[in-house]
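J.: Enclosed is the structure file model_2.txt (compact mmCIF, C-alpha atoms and all ligand atoms).
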```txt
# COMPACT_ATOMS: atom_id res chain seq x y z
CA MET H 30 112.34 9.33 -21.13
CA SER H 31 109.81 12.15 -21.22
CA GLU H 32 109.78 13.48 -24.81
CA LYS H 33 106.34 13.93 -26.44
CA ILE H 34 106.01 11.67 -29.44
CA GLU H 35 103.69 11.87 -32.45
CA GLY H 36 100.95 9.25 -32.57
CA PHE H 37 100.31 7.12 -35.65
CA ARG H 38 97.97 8.35 -38.38
CA GLU H 39 96.63 4.85 -39.06
CA PRO H 40 95.82 2.49 -36.17
CA ILE H 41 98.52 -0.03 -35.29
CA TYR H 42 96.88 -3.25 -34.15
CA VAL H 43 98.49 -6.08 -32.26
CA THR H 44 98.64 -8.17 -35.42
CA ARG H 45 97.68 -8.20 -39.07
CA PRO H 46 96.99 -11.39 -41.05
CA VAL H 47 99.49 -12.40 -43.71
CA PHE H 48 97.77 -12.18 -47.12
CA PRO H 49 98.86 -14.27 -50.08
CA THR H 50 98.65 -12.56 -53.48
CA ILE H 51 95.23 -12.62 -55.12
CA GLU H 52 96.83 -14.28 -58.18
CA GLU H 53 98.07 -17.22 -56.12
CA VAL H 54 94.62 -17.69 -54.61
CA THR H 55 92.90 -17.41 -58.00
CA GLU H 56 95.16 -20.07 -59.45
CA LYS H 57 94.36 -22.48 -56.64
CA LEU H 58 90.63 -21.69 -56.86
CA GLU H 59 90.78 -22.61 -60.54
CA ASP H 60 92.27 -25.98 -59.56
CA ILE H 61 89.38 -26.52 -57.14
CA TRP H 62 86.79 -25.48 -59.72
CA ARG H 63 88.31 -27.88 -62.24
CA ALA H 64 88.31 -30.73 -59.72
CA LYS H 65 84.68 -29.88 -58.76
CA TRP H 66 85.44 -30.86 -55.16
CA LEU H 67 84.71 -28.37 -52.33
CA THR H 68 85.01 -30.36 -49.11
CA ASN H 69 85.16 -33.89 -47.56
CA ASN H 70 88.77 -34.99 -47.96
CA GLY H 71 89.44 -33.57 -51.44
CA PRO H 72 92.78 -33.24 -53.26
CA GLN H 73 93.82 -29.94 -51.60
CA HIS H 74 93.07 -31.40 -48.14
CA HIS H 75 95.02 -34.52 -48.96
CA LYS H 76 98.08 -32.59 -50.18
CA LEU H 77 98.05 -30.13 -47.28
CA GLU H 78 97.93 -32.99 -44.79
CA GLU H 79 101.03 -34.49 -46.43
CA GLU H 80 102.87 -31.16 -46.69
CA LEU H 81 102.18 -30.17 -43.09
CA THR H 82 103.11 -33.60 -41.72
CA GLU H 83 106.52 -33.14 -43.33
CA TYR H 84 106.94 -29.47 -42.43
CA LEU H 85 105.99 -30.01 -38.78
CA LYS H 86 108.12 -33.18 -38.47
CA VAL H 87 105.30 -35.22 -36.96
CA PRO H 88 104.22 -38.81 -37.65
CA TYR H 89 100.47 -38.16 -38.09
CA LEU H 90 98.29 -35.11 -38.64
CA ASN H 91 94.53 -34.59 -39.00
CA LEU H 92 93.26 -31.30 -40.44
CA PHE H 93 90.29 -29.45 -38.91
CA ASN H 94 88.00 -26.53 -39.64
CA ASN H 95 89.37 -24.72 -36.54
CA GLY H 96 91.58 -25.36 -33.53
CA THR H 97 88.76 -25.37 -30.99
CA ILE H 98 86.87 -28.23 -32.65
CA ALA H 99 90.20 -30.03 -33.04
CA LEU H 100 90.81 -29.79 -29.29
CA MET H 101 87.25 -30.98 -28.60
CA VAL H 102 87.91 -34.02 -30.75
CA ALA H 103 91.30 -34.61 -29.08
CA CYS H 104 89.51 -35.01 -25.71
CA GLN H 105 86.90 -37.31 -27.30
CA SER H 106 89.50 -39.41 -29.08
CA LEU H 107 91.26 -40.17 -25.77
CA ARG H 108 87.88 -40.66 -24.05
CA LEU H 109 88.80 -38.18 -21.32
CA MET H 110 86.46 -37.73 -18.35
CA GLY H 111 86.51 -36.43 -14.78
CA ASP H 112 89.05 -33.70 -14.03
CA VAL H 113 91.80 -32.34 -16.26
CA ILE H 114 94.59 -30.13 -14.91
CA THR H 115 95.16 -27.05 -17.02
CA THR H 116 96.38 -23.47 -16.92
CA PRO H 117 94.32 -20.36 -16.17
CA PHE H 118 96.65 -18.27 -18.37
CA THR H 119 95.33 -19.11 -21.82
CA PHE H 120 92.67 -18.26 -24.37
CA ALA H 121 89.04 -19.05 -23.49
CA ALA H 122 88.94 -22.05 -25.85
CA THR H 123 91.25 -24.16 -23.65
CA PRO H 124 89.00 -24.59 -20.58
CA HIS H 125 85.79 -24.27 -22.65
CA VAL H 126 86.73 -27.38 -24.61
CA LEU H 127 86.96 -29.29 -21.34
CA SER H 128 83.55 -28.02 -20.23
CA TRP H 129 81.98 -28.99 -23.56
CA ASN H 130 83.33 -32.50 -22.96
CA ASN H 131 81.74 -32.57 -19.49
CA ILE H 132 85.20 -32.44 -17.91
CA ARG H 133 86.02 -30.20 -14.95
CA PRO H 134 89.01 -27.91 -15.52
CA ILE H 135 91.39 -27.80 -12.55
CA PHE H 136 93.52 -24.69 -12.69
CA CYS H 137 97.19 -25.01 -11.79
CA ASP H 138 99.44 -21.98 -11.28
CA ILE H 139 102.00 -20.94 -13.90
CA ASP H 140 105.75 -20.51 -14.08
CA PRO H 141 106.80 -16.87 -13.51
CA VAL H 142 109.25 -16.86 -16.44
CA THR H 143 107.72 -18.98 -19.21
CA MET H 144 104.11 -18.19 -18.18
CA ASN H 145 103.28 -21.86 -18.94
CA ILE H 146 101.73 -24.30 -16.45
CA ASP H 147 104.17 -24.82 -13.56
CA ALA H 148 105.18 -28.47 -14.01
CA ASP H 149 106.39 -28.62 -10.38
CA LYS H 150 102.90 -27.82 -9.11
CA ILE H 151 100.95 -30.36 -11.16
CA GLU H 152 101.59 -33.41 -8.96
CA SER H 153 100.06 -31.88 -5.83
CA MET H 154 96.80 -31.25 -7.73
CA ILE H 155 96.28 -34.84 -8.92
CA THR H 156 93.32 -36.72 -7.39
CA PRO H 157 91.61 -40.04 -8.29
CA GLN H 158 89.35 -38.00 -10.64
CA THR H 159 92.27 -36.65 -12.70
CA THR H 160 92.52 -38.20 -16.17
CA ALA H 161 94.84 -35.82 -18.05
CA ILE H 162 96.97 -32.70 -18.19
CA LEU H 163 96.02 -30.07 -20.79
CA ALA H 164 99.01 -27.74 -21.05
CA VAL H 165 99.44 -24.75 -23.37
CA HIS H 166 102.70 -23.65 -25.05
CA VAL H 167 101.81 -20.02 -24.29
CA PHE H 168 103.07 -17.52 -26.90
CA GLY H 169 104.97 -20.40 -28.51
CA THR H 170 107.35 -20.98 -25.58
CA PRO H 171 107.47 -24.75 -25.01
CA CYS H 172 106.23 -26.16 -21.72
CA ASP H 173 108.56 -28.30 -19.61
CA VAL H 174 107.56 -31.31 -21.71
CA GLU H 175 109.87 -33.77 -19.93
CA LYS H 176 108.68 -32.99 -16.45
CA ILE H 177 105.03 -32.99 -17.53
CA GLN H 178 105.49 -36.40 -19.16
CA SER H 179 107.21 -37.86 -16.11
CA VAL H 180 104.36 -36.71 -13.82
CA ALA H 181 101.81 -38.09 -16.31
CA ASP H 182 103.63 -41.43 -16.52
CA LYS H 183 103.82 -41.73 -12.74
CA TYR H 184 100.03 -41.37 -12.40
CA GLY H 185 98.90 -42.90 -15.71
CA LEU H 186 97.56 -39.60 -17.08
CA ARG H 187 97.16 -38.49 -20.67
CA VAL H 188 98.88 -35.33 -21.89
CA ILE H 189 97.31 -32.98 -24.43
CA TYR H 190 99.05 -29.84 -25.60
CA ASP H 191 97.19 -26.79 -26.79
CA ALA H 192 99.89 -25.78 -29.27
CA ALA H 193 97.71 -23.09 -30.89
CA HIS H 194 100.64 -20.64 -30.62
CA ALA H 195 103.43 -23.08 -31.43
CA PHE H 196 103.34 -23.67 -35.19
CA GLY H 197 106.82 -24.74 -36.34
CA VAL H 198 108.35 -24.72 -32.84
CA GLU H 199 110.96 -27.44 -32.33
CA ILE H 200 112.86 -28.89 -29.38
CA ASP H 201 116.22 -30.50 -30.25
CA GLY H 202 115.16 -30.65 -33.89
CA LYS H 203 111.90 -32.46 -33.05
CA GLY H 204 108.58 -30.92 -34.01
CA ILE H 205 106.64 -29.70 -30.97
CA GLY H 206 103.83 -32.10 -31.93
CA ASN H 207 105.94 -35.11 -30.92
CA PHE H 208 105.39 -34.48 -27.22
CA GLY H 209 102.44 -35.72 -25.18
CA ASP H 210 99.61 -37.87 -26.58
CA ILE H 211 98.13 -35.24 -28.91
CA SER H 212 98.83 -31.59 -29.74
CA MET H 213 96.42 -29.10 -31.26
CA LEU H 214 97.51 -26.37 -33.67
CA SER H 215 95.37 -23.38 -34.65
CA PHE H 216 95.52 -21.97 -38.17
CA HIS H 217 93.37 -18.94 -37.38
CA ALA H 218 93.93 -15.88 -39.59
CA THR H 219 95.87 -14.07 -36.85
CA LYS H 220 98.41 -16.84 -36.42
CA LEU H 221 101.90 -16.95 -37.96
CA TYR H 222 100.63 -19.64 -40.33
CA HIS H 223 96.96 -19.75 -41.26
CA THR H 224 94.26 -21.29 -43.43
CA VAL H 225 91.87 -18.33 -42.75
CA GLU H 226 90.24 -20.52 -40.06
CA GLY H 227 91.58 -23.97 -39.40
CA GLY H 228 93.57 -26.26 -37.19
CA ALA H 229 95.08 -29.69 -36.79
CA LEU H 230 95.75 -32.49 -34.34
CA VAL H 231 99.21 -34.03 -34.43
CA HIS H 232 100.30 -37.25 -32.73
CA LYS H 233 102.26 -40.49 -33.09
CA ASP H 234 99.52 -43.09 -33.34
CA LYS H 235 98.15 -44.59 -36.58
CA ASN H 236 95.01 -45.90 -34.83
CA LEU H 237 94.38 -42.44 -33.42
CA LYS H 238 94.64 -40.99 -36.93
CA GLU H 239 91.79 -43.26 -38.05
CA ARG H 240 89.69 -42.63 -34.95
CA ILE H 241 90.11 -38.84 -35.26
CA ASP H 242 89.20 -38.95 -38.96
CA LEU H 243 85.96 -40.70 -37.99
CA LEU H 244 85.24 -38.31 -35.12
CA LYS H 245 85.68 -35.22 -37.32
CA ASN H 246 83.22 -36.61 -39.90
CA PHE H 247 80.18 -37.43 -37.73
CA GLY H 248 81.54 -40.94 -36.96
CA ILE H 249 80.59 -42.07 -40.47
CA LYS H 250 82.63 -45.13 -41.44
CA ASN H 251 80.88 -45.91 -44.71
CA GLU H 252 77.46 -45.61 -46.30
CA GLU H 253 76.07 -48.34 -44.04
CA GLU H 254 77.81 -47.64 -40.72
CA VAL H 255 78.00 -44.75 -38.26
CA VAL H 256 80.28 -46.03 -35.51
CA MET H 257 80.62 -43.19 -32.98
CA PRO H 258 79.03 -39.83 -32.11
CA GLY H 259 81.25 -37.57 -34.19
CA ILE H 260 81.06 -33.92 -35.12
CA ASN H 261 81.68 -31.82 -38.24
CA GLY H 262 85.35 -30.85 -37.94
CA LYS H 263 86.24 -31.00 -41.63
CA MET H 264 88.54 -28.49 -43.29
CA ASN H 265 87.22 -27.49 -46.72
CA GLU H 266 89.14 -27.31 -49.99
CA ILE H 267 89.39 -23.51 -50.06
CA GLN H 268 90.90 -23.42 -46.57
CA ALA H 269 93.31 -26.20 -47.52
CA ALA H 270 94.33 -24.41 -50.73
CA VAL H 271 95.05 -21.20 -48.81
CA GLY H 272 97.04 -23.30 -46.34
CA ARG H 273 99.18 -24.72 -49.14
CA ILE H 274 99.94 -21.22 -50.39
CA MET H 275 100.67 -19.92 -46.90
CA LEU H 276 103.33 -22.59 -46.35
CA GLY H 277 105.38 -20.56 -48.81
CA TYR H 278 105.08 -17.49 -46.59
CA VAL H 279 105.72 -18.82 -43.12
CA GLU H 280 109.55 -18.75 -43.08
CA GLY H 281 109.70 -15.22 -44.50
CA GLU H 282 107.15 -14.00 -41.98
CA ARG H 283 109.07 -15.64 -39.15
CA GLU H 284 112.31 -13.95 -40.26
CA LYS H 285 110.63 -10.53 -40.31
CA ARG H 286 109.26 -11.08 -36.82
CA ILE H 287 112.67 -12.17 -35.52
CA ALA H 288 114.05 -8.83 -36.75
CA LEU H 289 111.21 -6.87 -35.09
CA GLY H 290 111.69 -8.82 -31.85
CA LYS H 291 115.33 -7.71 -31.85
CA VAL H 292 114.23 -4.08 -32.14
CA TYR H 293 111.87 -4.48 -29.17
CA GLY H 294 114.70 -6.09 -27.23
CA GLU H 295 117.17 -3.28 -28.04
CA GLU H 296 114.67 -0.53 -27.21
CA LEU H 297 113.12 -1.99 -24.06
CA GLY H 298 115.85 -4.23 -22.63
CA GLU H 299 117.14 -1.66 -20.15
CA VAL H 300 113.85 -0.08 -19.09
CA PRO H 301 113.20 -0.57 -15.35
CA GLY H 302 109.98 -2.47 -14.70
CA ILE H 303 109.74 -4.02 -18.16
CA THR H 304 110.36 -7.74 -18.61
CA LEU H 305 110.88 -8.93 -22.16
CA MET H 306 109.52 -12.00 -23.86
CA PRO H 307 111.21 -15.09 -22.33
CA LYS H 308 114.22 -16.38 -24.25
CA ALA H 309 114.20 -19.99 -25.41
CA GLY H 310 116.09 -22.33 -23.09
CA GLY H 311 118.06 -25.29 -24.47
CA ASN H 312 117.94 -26.17 -28.13
CA VAL H 313 114.57 -24.63 -28.98
CA ARG H 314 113.50 -23.15 -32.31
CA LEU H 315 110.83 -20.55 -31.56
CA ASN H 316 108.32 -19.21 -34.08
CA HIS H 317 108.39 -15.55 -32.92
CA GLN H 318 104.67 -15.20 -33.50
CA TYR H 319 104.13 -12.85 -30.56
CA TYR H 320 106.08 -10.21 -28.72
CA VAL H 321 104.83 -10.00 -25.18
CA ILE H 322 106.20 -7.80 -22.41
CA ARG H 323 105.38 -7.51 -18.73
CA ILE H 324 105.06 -4.19 -16.96
CA GLU H 325 105.66 -4.07 -13.25
CA GLU H 326 103.81 -1.01 -11.96
CA GLU H 327 106.06 -0.27 -8.98
CA ALA H 328 109.29 -0.20 -11.00
CA PHE H 329 107.91 1.31 -14.24
CA GLY H 330 105.80 3.89 -12.42
CA CYS H 331 102.71 3.22 -14.53
CA SER H 332 100.48 0.13 -14.62
CA ARG H 333 99.89 -2.17 -17.58
CA ASP H 334 96.28 -0.94 -17.74
CA GLU H 335 97.44 2.68 -17.89
CA VAL H 336 99.94 1.85 -20.62
CA TYR H 337 97.23 0.02 -22.58
CA ASP H 338 94.87 3.02 -22.33
CA ARG H 339 97.53 5.64 -23.10
CA PHE H 340 98.75 3.71 -26.12
CA LYS H 341 95.31 4.23 -27.67
CA GLU H 342 95.83 8.00 -27.57
CA TYR H 343 98.71 7.34 -29.99
CA ASN H 344 96.62 4.97 -32.16
CA VAL H 345 98.46 1.90 -30.82
CA TYR H 346 96.23 -1.06 -29.92
CA ALA H 347 98.22 -3.51 -27.82
CA ARG H 348 96.29 -6.40 -26.20
CA LYS H 349 96.06 -7.70 -22.64
CA TYR H 350 96.69 -11.38 -23.49
CA PHE H 351 95.57 -13.13 -21.24
CA HIS H 352 93.43 -10.96 -19.08
CA PRO H 353 91.09 -11.83 -17.46
CA LEU H 354 92.45 -15.21 -16.44
CA CYS H 355 90.17 -18.15 -17.33
CA SER H 356 89.82 -18.79 -13.58
CA GLU H 357 88.22 -15.33 -13.29
CA TYR H 358 85.47 -16.00 -15.86
CA THR H 359 81.97 -16.16 -14.35
CA CYS H 360 81.64 -19.76 -15.58
CA TYR H 361 84.76 -20.96 -13.72
CA ARG H 362 85.34 -18.73 -10.71
CA GLN H 363 83.23 -20.92 -8.42
CA LEU H 364 85.66 -23.83 -8.89
CA SER H 365 87.81 -24.41 -5.82
CA SER H 366 91.00 -24.36 -7.93
CA ALA H 367 89.98 -20.88 -9.14
CA ALA H 368 89.64 -19.31 -5.69
CA GLN H 369 91.36 -15.96 -5.31
CA GLY H 370 94.88 -16.31 -3.95
CA LYS H 371 95.33 -19.90 -5.18
CA LEU H 372 96.98 -18.83 -8.43
CA PRO H 373 99.29 -16.02 -7.28
CA VAL H 374 101.73 -16.14 -10.19
CA ALA H 375 98.98 -16.21 -12.82
CA GLU H 376 97.21 -13.34 -11.07
CA LYS H 377 100.36 -11.22 -11.11
CA VAL H 378 101.23 -12.08 -14.73
CA GLY H 379 97.62 -11.43 -15.78
CA ARG H 380 97.93 -7.89 -14.36
CA GLU H 381 101.30 -7.22 -16.03
CA VAL H 382 101.23 -8.76 -19.47
CA LEU H 383 100.87 -6.77 -22.69
CA SER H 384 101.06 -8.19 -26.20
CA MET H 385 102.79 -5.67 -28.45
CA PRO H 386 102.15 -5.09 -32.17
CA MET H 387 103.94 -7.84 -34.07
CA TYR H 388 103.53 -8.69 -37.75
CA GLY H 389 105.87 -8.83 -40.71
CA ALA H 390 104.34 -5.81 -42.46
CA LEU H 391 105.20 -3.60 -39.47
CA ALA H 392 108.24 -1.40 -40.13
CA ALA H 393 111.20 -1.52 -37.74
CA GLU H 394 110.91 2.28 -37.51
CA ASP H 395 107.32 1.91 -36.31
CA VAL H 396 108.43 -0.53 -33.62
CA ARG H 397 111.04 2.02 -32.49
CA ARG H 398 108.33 4.69 -32.32
CA ILE H 399 106.00 2.38 -30.34
CA CYS H 400 108.88 1.78 -27.90
CA ARG H 401 109.60 5.51 -27.61
CA ILE H 402 105.92 6.11 -26.85
CA LEU H 403 106.02 3.39 -24.19
CA LYS H 404 109.18 4.84 -22.63
CA SER H 405 107.54 8.28 -22.50
CA PHE H 406 105.02 6.80 -20.01
CA TYR H 407 107.83 5.80 -17.64
CA GLY H 408 107.34 7.16 -14.15
CA LYS H 409 104.10 8.95 -15.04
CA LYS H 410 101.13 7.98 -12.93
C1 LIG H 501 95.76 -20.84 -26.74
C2 LIG H 501 94.66 -20.98 -27.75
N1 LIG H 501 93.92 -22.09 -27.74
C3 LIG H 501 92.93 -22.28 -28.63
C4 LIG H 501 92.63 -21.34 -29.58
C5 LIG H 501 91.49 -21.55 -30.52
O1 LIG H 501 91.88 -21.77 -31.84
P1 LIG H 501 90.87 -21.45 -33.05
O2 LIG H 501 90.69 -19.98 -33.10
O3 LIG H 501 91.59 -22.00 -34.25
O4 LIG H 501 89.60 -22.18 -32.78
C6 LIG H 501 93.37 -20.14 -29.62
C7 LIG H 501 93.11 -19.09 -30.57
O5 LIG H 501 92.93 -18.68 -31.45
C8 LIG H 501 94.41 -19.95 -28.67
O6 LIG H 501 95.13 -18.82 -28.66
```
Could you take the file, read its structure, and then write that structure out as C-alpha cells?

T.:
Amino acid sequence: MSEKIEGFREPIYVTRPVFPTIEEVTEKLEDIWRAKWLTNNGPQHHKLEEELTEYLKVPYLNLFNNGTIALMVACQSLRLMGDVITTPFTFAATPHVLSWNNIRPIFCDIDPVTMNIDADKIESMITPQTTAILAVHVFGTPCDVEKIQSVADKYGLRVIYDAAHAFGVEIDGKGIGNFGDISMLSFHATKLYHTVEGGALVHKDKNLKERIDLLKNFGIKNEEEVVMPGINGKMNEIQAAVGRIMLGYVEGEREKRIALGKVYGEELGEVPGITLMPKAGGNVRLNHQYYVIRIEEEAFGCSRDEVYDRFKEYNVYARKYFHPLCSEYTCYRQLSSAAQGKLPVAEKVGREVLSMPMYGALAAEDVRRICRILKSFYGKK
C-alpha cells in the first residue's frame, strides 16, 4: 500500500452541482418571460409543487426559498417552544434554527453505525420543558423513525425531521416525508436534486399546508388581513423552473453515484481502520448523495486530519462533515448537554469522518485513483 501516486491536475472537490443544459433553462426562462410572473406562487411554482408531491410520495408539500427558512417555519407552524432534543452531528442550520425560534437545543448522542440521533438515548433526556425532537437523516440514512415516534407519542412530543440530505429516500416504498409531523428538504445547489437554492416542507396535514403558506408569505391572508407574524420564505419562478428541469436529472445522477459508491466499496472495503458508508437496513431506498468514510487512527495508522491534509497535496479536497460538532460551537458549548464527555459517540465520529468526492461527473477511474492515494497513506504517521 505504499506506491507513490500522481496527483490530479485539476482540483477534485467533494461535490459538483448538476447543471442542466443552457437550452433547457432558456426555454423555461422564455415561458416565464411570456407569463410575466417572477415570484409569489406563479405557474412554475404551482407545477413544481404538484410534481414534487408526486415524486416524493407525500400528501402535502410547501416550497421555500431555502431549507433553513423552511425549517424555521416548521418550528413556527407547530408553535414549538422550550427545549428541543436534537443531534450535535449535523450542519449548523439545524441547531441555529432552534435558536432563532428562541428554543434551546438539547444535544443527544448519536448511533455509532448510522451516525443519526440515538433513539435509545432520547427518552432519558426528556424534561417538562421538552416540546419536540428534531432529528436529522444524516447523509440520507433514515433515522429509526419508529422508535422516535414511539418515544414522542409516549411523552406527547412533536417530531420534525431535517431531511436536507434525504431527497427521494423511501422506507418500505413510503416517501421519507411521511414520518414525523413535518420534514424539511434542502434543494441547495450541492444536493442530489436542486433548485439552485431552495427547499420544502412535507407533511400529512391540509391545515398545516395552509398555515405554512401563510407563514412563508409574511402572514398575509388577503389584501385586508395579516393574520400571523410570517417571514419571506417564497421560492421564485426561476428557482421553480430550474427545479422542474432538474427532476429529469435526479434518477440519472443517482444511478451514477450508486456506481461510484460501488467503486469506493470495492477499493476500500478491506482496508484496516476504514469504515464504509453504512448500508441501508430493511427495505430502504437510499439516494446515494454522499459517500462518507470513517478513519480510525489506531488501525489505519494515520488520522482523519492527516488524511484530509495529505489529500490536498494530490489536489483532492475531501470535507470533514461534520466537524466541529454543533455542540462544540462557541454559541452552544456552554449548554449542559454539550459538556465534553457527554456525547462520546459523536465526539469520536466527528474526529473520524471524511466525506469523499461524490458526483455523477466524476469518473470511476478517478475514484480508483483517489482510493489508491488514500491507501498510500496507510500506516504512515
Ligand atoms: C443537515 C442540513 N440541514 C440544513 C441545511 C440547510 O439547507 P439550505 O442550505 O437549503 O438552507 C443543510 C445544508 O445545506 C444541511 O446539510

J.: Which residue out of H:Glu59, H:Glu284, H:Glu226, H:Glu266 has the minimum interatomic distance to ligand LIG 501 (chain H) when all atoms listed in the file are used?

T.: H:Glu226

J.: List all protein, DNA and RNA residues that have at least one atom no more than 10 Å from any atom of ligand LIG 501 (chain H), counting all atoms listed in the file, and write them as number ranges by chain.

T.: H: 93-100, 118-126, 164-169, 190-195, 213-220, 223-229, 350-351

J.: So which residues touch H:Thr156 within 12 Å, counting only C-alpha atoms, skipping near sequence neighbours fewer than 5 positions away, as a PyMOL selection string?

T.: chain H and resi 111-114+135+151+161+184-186

J.: Can you pull out the residues contacting H:Leu289? Cut-off 9 Å, using all atoms listed in the file, and skip same-chain residues under 3 positions away; I want them as a PDB file with C-alpha atoms, keeping the file's coordinate frame.

T.:
```pdb
ATOM      1  CA  GLU H 284     112.310 -13.950 -40.260  1.00  0.00           C
ATOM      2  CA  LYS H 285     110.630 -10.530 -40.310  1.00  0.00           C
ATOM      3  CA  ARG H 286     109.260 -11.080 -36.820  1.00  0.00           C
ATOM      4  CA  VAL H 292     114.230  -4.080 -32.140  1.00  0.00           C
ATOM      5  CA  TYR H 293     111.870  -4.480 -29.170  1.00  0.00           C
ATOM      6  CA  GLY H 294     114.700  -6.090 -27.230  1.00  0.00           C
ATOM      7  CA  TYR H 320     106.080 -10.210 -28.720  1.00  0.00           C
ATOM      8  CA  MET H 387     103.940  -7.840 -34.070  1.00  0.00           C
ATOM      9  CA  TYR H 388     103.530  -8.690 -37.750  1.00  0.00           C
ATOM     10  CA  GLY H 389     105.870  -8.830 -40.710  1.00  0.00           C
ATOM     11  CA  LEU H 391     105.200  -3.600 -39.470  1.00  0.00           C
ATOM     12  CA  ALA H 392     108.240  -1.400 -40.130  1.00  0.00           C
ATOM     13  CA  ALA H 393     111.200  -1.520 -37.740  1.00  0.00           C
ATOM     14  CA  VAL H 396     108.430  -0.530 -33.620  1.00  0.00           C
TER      15      VAL H 396
END
```

J.: Counting only C-alpha atoms, which residue out of H:Leu230, H:Ala375, H:Val300, H:Ala309 sits closest to H:Thr116?

T.: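 Of H:Leu230, H:Ala375, H:Val300, H:Ala309, the one nearest H:Thr116 is H:Ala375, counting only C-alpha atoms.
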
J.: Give me, as a ChimeraX atom specification, all polymer residues having an atom no more than 8 Å from stretch 105-108 of chain H, counting all atoms listed in the file and skipping those fewer than 6 positions away in the same chain.

T.: /H:130,187,237,240-241,244

J.: List as number ranges by chain the protein and nucleic acid residues near H:Phe208, meaning an atom at most 12 Å away when only C-alpha atoms are counted, but skip any in the same chain fewer than 6 places from it.

T.: H: 86-88, 164, 166, 171-179, 187-192, 198-201, 231-233

J.: Could you list, as a PyMOL selection string, every residue within 9 Å of stretch 356-361 of chain H, counting all atoms listed in the file and ignoring same-chain residues fewer than 2 positions away?

T.: chain H and resi 116-118+121+124+134+136+352-354+363-364+366-369+372

J.: Please compute the atom CA of H:Gly206-atom CA of H:Pro157 distance, one decimal, in Å.

T.: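 Computed distance, atom CA of H:Gly206 to atom CA of H:Pro157, equals 27.8 Å.
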
J.: Could you give me, as a ChimeraX atom specification, the residues that sit within 10 Å of (104.4, -23.7, -12.8) in the file's coordinates, counting all atoms listed in the file?

T.: /H:116,137-151,172-173,372,374-375
